[in-house]
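Student: Right, I'll just put the structure down here and ask away after.
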There are 2 protein chains.
Amino acid sequence: MSGAVLSLKNRMPGARREIDLAGLDFSNCPVRDMMQQIGGKWSTLLLEVLAAEPRRFGELRRMLPDISQRMLTQTLRDLQRDGYIAREVFPTKPPSVEYSMTDLGRSLYQPLSQLLNWAEANHDPVRAARARFDGADS
Amino acid sequence: MSGAVLSLKNRMPGARREIDLAGLDFSNCPVRDMMQQIGGKWSTLLLEVLAAEPRRFGELRRMLPDISQRMLTQTLRDLQRDGYIAREVFPTKPPSVEYSMTDLGRSLYQPLSQLLNWAEANHDPVRAARARFDGADS
DNA sequence: GGTCGTTGGTCTCAAAAAGAGACTAACGCT
DNA sequence: AGCGTTAGTCTCTTTTTGAGACCAACGACC
């Protein structure tokens with residue numbers, strides 16, 4: 001989970017030049033760094049839910065019935081770590097915790113929701129491609 | 001990898017109504033279905049490379065020096081399966097294989113590249129948030 | 001004419017990540 | 001006293017990822 005952004009920067013002094021990806025900077029790769037988090041199995045789901053309104057832990061757990069508590073805790077913590085969501089503890093009788101989206105999270109959510117819309121709109125072509133592929137060689 | 005889109009549709013007849021996620025359809029979840037693929041460690045990287053121009057297998061392997069052949073093969077096949085990229089074999093002496101983006105892939109790449117741009121533009125805030133978080137409790 | 005390198009993979013095994021579910025501790029209700 | 005609620009943590013199992021050896025066919029080299 002931690003460390004190891006890419007380990008490409010220190011990787012042979014003389015060699016390694018090649019094509020260099022049309023200007024893409026993979027040595028520092030913000031794309032992978034972020035997509036690793038966003039692409040997690042539950043991250044987008046949680047961002048989508050929290051983009052609508054703040055939620056409490058148990059509320060989220062009930063909304064995503066097939067997430068394990070372990071993964072919910074961990075995904076929330078990772079999203080918080082990256083600054084997308086905020087965690088606030090209320091000192092009620094059994095302390096309750098509310099998660100809400102930050103400004104950075106909302107900023108991320110704009111392009112992300114576009115992608116999510118694409119996913120919903122193009123689910124059929126993808127499923128069709130899959131069926132074609134799976135049927136072709138089996 | 002296969003089956004099990006969510007297993008929420010058949011899950012208690014009477015109960016389970018709650019909030020229903022502000023209109024989001026999680027029973028069939030195209031979002032997770034697609035993000036699972038896109039969010040893979042190498043998928044976006046490959047899509048980004050292939051969006052620029054078609055590439056051969058070995059070429060891709062050399063461009064992404066820290067991908068294992070196994071994962072390269074598998075990621076390419078998954079992207080092909082979902083219809084984002086096409087695989088063409090040329091019957092040269094040692095047969096060569098070229099991967100190129102399909103129309104569906106290009107369609108996906110539009111919102112995806114927006115997200116990728118966001119990632120590059122906002123790498124610093126995210127890294128800052130991370131540093132703050134990691135420093136806070138340690 | 002045997003060896004080397006090239007092609008695009010597959011196979012096996014080890015490491016890392018994800019999932020399931022039991023367990024915790026403080027409080028409220030009955 | 002016993003049960004349920006809160007938000008988690010801990011352990012164990014399964015799945016996914018990663019590293020790297022191996023493969024078959026051909027061309028060039030010596």
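Starting from 1 in every chain, residues are counted up; chains themselves are A, B, ... following the order of the structure tokens, and ligands are numbered from 1 as listed.
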Taking only residues of stretch 16-127 of chain A that have an atom at most 10 Å from an atom of stretch 26-29 of chain C, what is each one's shortest atom pair and its distance in Å to one decimal, using only C-alpha atoms (C1' of nucleotides), in chain and number order, as a Markdown table?

Tutor:
```
| residue | atom | partner | partner_atom | distance |
| --- | --- | --- | --- | --- |
| A:Thr92 | CA | C:DC27 | C1' | 9.8 |
| A:Lys93 | CA | C:DC27 | C1' | 6.1 |
| A:Pro94 | CA | C:DC27 | C1' | 6.0 |
| A:Pro95 | CA | C:DA26 | C1' | 9.2 |
```

Student: Let's have the selection written as a compact mmCIF listing (two decimals), in the first residue's frame, with C-alpha atoms.

Tutor:
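New file part_34.txt:
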```txt
# COMPACT_ATOMS: atom_id res chain seq x y z
CA THR A 92 -22.40 11.10 20.88
CA LYS A 93 -23.20 8.32 23.32
CA PRO A 94 -21.71 5.63 21.08
CA PRO A 95 -19.43 7.94 19.08
```

Student: Please identify all residues of chain C having at least one atom at most 8 Å from any atom of chain B, considering only C-alpha atoms (C1' of nucleotides), and return them as a list in words.

Tutor: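 Putting it all together, I get DT6, DT7, DG8 and DG9 of chain C.
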
Student: Residues of the last selection are to be written out with all heavy atoms, as a CSV table (one decimal), in the first residue's frame.

Tutor:
```csv
chain,number,residue,atom,x,y,z
C,6,DT,P,17.8,-9.7,-29.1
C,6,DT,OP1,18.2,-8.3,-29.3
C,6,DT,OP2,17.5,-10.3,-27.7
C,6,DT,O5',16.4,-10.0,-29.9
C,6,DT,C5',16.4,-9.8,-31.4
C,6,DT,C4',15.2,-10.4,-31.9
C,6,DT,O4',15.3,-11.9,-31.9
C,6,DT,C3',13.9,-10.2,-31.0
C,6,DT,O3',13.2,-9.1,-31.4
C,6,DT,C2',13.1,-11.5,-31.1
C,6,DT,C1',14.0,-12.4,-31.8
C,6,DT,N1,14.1,-13.8,-31.1
C,6,DT,C2,13.5,-14.8,-31.7
C,6,DT,O2,12.9,-14.8,-32.7
C,6,DT,N3,13.6,-16.0,-31.0
C,6,DT,C4,14.3,-16.2,-29.8
C,6,DT,O4,14.3,-17.3,-29.2
C,6,DT,C5,14.9,-15.0,-29.3
C,6,DT,C7,15.7,-15.1,-28.0
C,6,DT,C6,14.8,-13.8,-29.9
C,7,DT,P,11.8,-8.7,-30.6
C,7,DT,OP1,11.4,-7.3,-31.1
C,7,DT,OP2,12.1,-8.9,-29.1
C,7,DT,O5',10.7,-9.7,-31.0
C,7,DT,C5',10.2,-9.7,-32.4
C,7,DT,C4',9.2,-10.8,-32.6
C,7,DT,O4',9.9,-12.1,-32.5
C,7,DT,C3',8.1,-10.9,-31.5
C,7,DT,O3',7.1,-10.0,-31.8
C,7,DT,C2',7.7,-12.4,-31.6
C,7,DT,C1',9.0,-13.1,-31.9
C,7,DT,N1,9.7,-13.7,-30.8
C,7,DT,C2,9.5,-15.0,-30.6
C,7,DT,O2,8.8,-15.8,-31.3
C,7,DT,N3,10.2,-15.5,-29.5
C,7,DT,C4,11.0,-14.8,-28.6
C,7,DT,O4,11.5,-15.4,-27.6
C,7,DT,C5,11.1,-13.4,-28.8
C,7,DT,C7,11.9,-12.6,-27.9
C,7,DT,C6,10.5,-12.9,-29.9
C,8,DG,P,6.2,-9.3,-30.7
C,8,DG,OP1,5.2,-8.4,-31.4
C,8,DG,OP2,7.1,-8.9,-29.7
C,8,DG,O5',5.3,-10.6,-30.2
C,8,DG,C5',4.4,-11.2,-31.1
C,8,DG,C4',3.8,-12.4,-30.3
C,8,DG,O4',4.9,-13.2,-29.8
C,8,DG,C3',3.0,-12.1,-29.1
C,8,DG,O3',1.9,-13.0,-29.0
C,8,DG,C2',3.9,-12.3,-28.0
C,8,DG,C1',4.7,-13.5,-28.5
C,8,DG,N9,6.0,-13.7,-27.8
C,8,DG,C8,6.8,-12.7,-27.3
C,8,DG,N7,7.9,-13.2,-26.7
C,8,DG,C5,7.7,-14.6,-26.8
C,8,DG,C6,8.5,-15.6,-26.3
C,8,DG,O6,9.5,-15.6,-25.6
C,8,DG,N1,7.9,-16.9,-26.5
C,8,DG,C2,6.8,-17.1,-27.2
C,8,DG,N2,6.4,-18.3,-27.4
C,8,DG,N3,6.0,-16.1,-27.7
C,8,DG,C4,6.5,-14.9,-27.4
C,9,DG,P,0.6,-12.4,-28.1
C,9,DG,OP1,-0.5,-13.4,-28.2
C,9,DG,OP2,0.3,-11.1,-28.5
C,9,DG,O5',1.1,-12.4,-26.6
C,9,DG,C5',0.7,-13.3,-25.6
C,9,DG,C4',1.4,-14.7,-25.8
C,9,DG,O4',2.8,-14.5,-25.9
C,9,DG,C3',1.2,-15.6,-24.7
C,9,DG,O3',0.0,-16.4,-24.9
C,9,DG,C2',2.4,-16.5,-24.7
C,9,DG,C1',3.4,-15.7,-25.5
C,9,DG,N9,4.6,-15.3,-24.7
C,9,DG,C8,5.1,-14.1,-24.4
C,9,DG,N7,6.2,-14.1,-23.7
C,9,DG,C5,6.4,-15.4,-23.5
C,9,DG,C6,7.5,-16.0,-22.7
C,9,DG,O6,8.4,-15.5,-22.1
C,9,DG,N1,7.4,-17.4,-22.8
C,9,DG,C2,6.4,-18.1,-23.4
C,9,DG,N2,6.5,-19.5,-23.3
C,9,DG,N3,5.4,-17.6,-24.1
C,9,DG,C4,5.5,-16.2,-24.1
```

Student: If you run DSSP on the backbone, which residues of stretch 65-135 of chain A are strand (DSSP E), as a PyMOL selection string?

Tutor: chain A and resi 85-90+96-101

Student: Can you tell me how far atom CA of B:Leu115 sits from atom CA of A:Pro111, in Å to one decimal?

Tutor: 5.0 Å

Student: Residues of chain D no more than 7 Å from chain B, counting only C-alpha atoms (C1' of nucleotides): send them over as a list in words.

Tutor: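 Within 7 Å of chain B on chain D, we get DG18, DA25 and DC26 of chain D.
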
Student: Closest to chain B among A:Ala51, A:Ala86, A:Met101, A:Leu108, using only C-alpha atoms?

Tutor: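 With only C-alpha atoms as the atom set, the closest residue is A:Leu108.
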
Student: Using DSSP assignments from the backbone, pull out every residue in stretch 91-135 of chain B that falls under helix (DSSP H, G or I) and give it to me as a PyMOL selection string.

Tutor: chain B and resi 103-121+123-135

Student: Residues of the last selection are to be written out with N, CA and C atoms, as a compact mmCIF listing (two decimals), in the first residue's frame.

Tutor:
```txt
# COMPACT_ATOMS: atom_id res chain seq x y z
N ASP B 103 -12.98 1.85 -31.88
CA ASP B 103 -13.83 3.03 -31.73
C ASP B 103 -14.37 3.12 -30.32
N LEU B 104 -14.77 1.97 -29.79
CA LEU B 104 -15.28 1.95 -28.42
C LEU B 104 -14.20 2.44 -27.45
N GLY B 105 -12.98 1.98 -27.68
CA GLY B 105 -11.87 2.40 -26.84
C GLY B 105 -11.64 3.90 -26.92
N ARG B 106 -11.73 4.43 -28.14
CA ARG B 106 -11.53 5.87 -28.31
C ARG B 106 -12.65 6.64 -27.61
N SER B 107 -13.84 6.09 -27.70
CA SER B 107 -14.98 6.71 -27.04
C SER B 107 -14.77 6.73 -25.52
N LEU B 108 -14.26 5.64 -25.00
CA LEU B 108 -13.96 5.58 -23.58
C LEU B 108 -12.85 6.55 -23.21
N TYR B 109 -11.90 6.67 -24.12
CA TYR B 109 -10.72 7.46 -23.79
C TYR B 109 -11.02 8.94 -23.62
N GLN B 110 -12.13 9.40 -24.18
CA GLN B 110 -12.43 10.82 -24.02
C GLN B 110 -12.66 11.20 -22.56
N PRO B 111 -13.67 10.63 -21.89
CA PRO B 111 -13.80 10.97 -20.47
C PRO B 111 -12.60 10.50 -19.64
N LEU B 112 -12.02 9.38 -20.04
CA LEU B 112 -10.89 8.86 -19.27
C LEU B 112 -9.72 9.84 -19.28
N SER B 113 -9.44 10.42 -20.45
CA SER B 113 -8.30 11.33 -20.52
C SER B 113 -8.55 12.57 -19.68
N GLN B 114 -9.82 12.96 -19.55
CA GLN B 114 -10.14 14.09 -18.68
C GLN B 114 -9.74 13.78 -17.24
N LEU B 115 -10.07 12.56 -16.83
CA LEU B 115 -9.72 12.15 -15.47
C LEU B 115 -8.21 12.09 -15.31
N LEU B 116 -7.55 11.58 -16.34
CA LEU B 116 -6.10 11.48 -16.29
C LEU B 116 -5.45 12.86 -16.22
N ASN B 117 -6.04 13.80 -16.95
CA ASN B 117 -5.54 15.17 -16.87
C ASN B 117 -5.70 15.72 -15.46
N TRP B 118 -6.84 15.43 -14.87
CA TRP B 118 -7.06 15.88 -13.50
C TRP B 118 -5.98 15.30 -12.60
N ALA B 119 -5.70 14.03 -12.79
CA ALA B 119 -4.70 13.37 -11.95
C ALA B 119 -3.35 14.07 -12.07
N GLU B 120 -2.97 14.40 -13.29
CA GLU B 120 -1.68 15.05 -13.46
C GLU B 120 -1.69 16.45 -12.87
N ALA B 121 -2.81 17.15 -13.08
CA ALA B 121 -2.90 18.52 -12.60
C ALA B 121 -2.96 18.59 -11.07
N HIS B 123 -1.79 16.33 -8.81
CA HIS B 123 -0.92 15.39 -8.09
C HIS B 123 -0.40 16.03 -6.81
N ASP B 124 -0.06 17.28 -6.86
CA ASP B 124 0.53 17.95 -5.71
C ASP B 124 -0.42 18.03 -4.51
N PRO B 125 -1.64 18.52 -4.71
CA PRO B 125 -2.58 18.52 -3.58
C PRO B 125 -2.75 17.14 -2.96
N VAL B 126 -2.82 16.13 -3.81
CA VAL B 126 -3.00 14.78 -3.28
C VAL B 126 -1.78 14.36 -2.47
N ARG B 127 -0.62 14.61 -3.00
CA ARG B 127 0.59 14.26 -2.27
C ARG B 127 0.68 15.04 -0.96
N ALA B 128 0.24 16.28 -1.00
CA ALA B 128 0.25 17.09 0.22
C ALA B 128 -0.70 16.51 1.25
N ALA B 129 -1.90 16.15 0.80
CA ALA B 129 -2.88 15.55 1.71
C ALA B 129 -2.32 14.29 2.34
N ARG B 130 -1.66 13.51 1.52
CA ARG B 130 -1.06 12.27 2.01
C ARG B 130 -0.02 12.53 3.07
N ALA B 131 0.84 13.50 2.80
CA ALA B 131 1.90 13.82 3.75
C ALA B 131 1.29 14.29 5.07
N ARG B 132 0.26 15.11 4.98
CA ARG B 132 -0.43 15.61 6.17
C ARG B 132 -0.99 14.42 6.97
N PHE B 133 -1.66 13.54 6.26
CA PHE B 133 -2.28 12.39 6.90
C PHE B 133 -1.25 11.49 7.56
N ASP B 134 -0.21 11.20 6.82
CA ASP B 134 0.81 10.28 7.33
C ASP B 134 1.56 10.89 8.50
N GLY B 135 1.73 12.19 8.45
CA GLY B 135 2.46 12.84 9.53
C GLY B 135 1.62 13.00 10.78
```

Student: Using only C-alpha atoms, find the one residue out of B:Asp78, B:Gly83, B:Gln37, B:Ala136 that sits nearest to chain A.

Tutor: B:Gly83
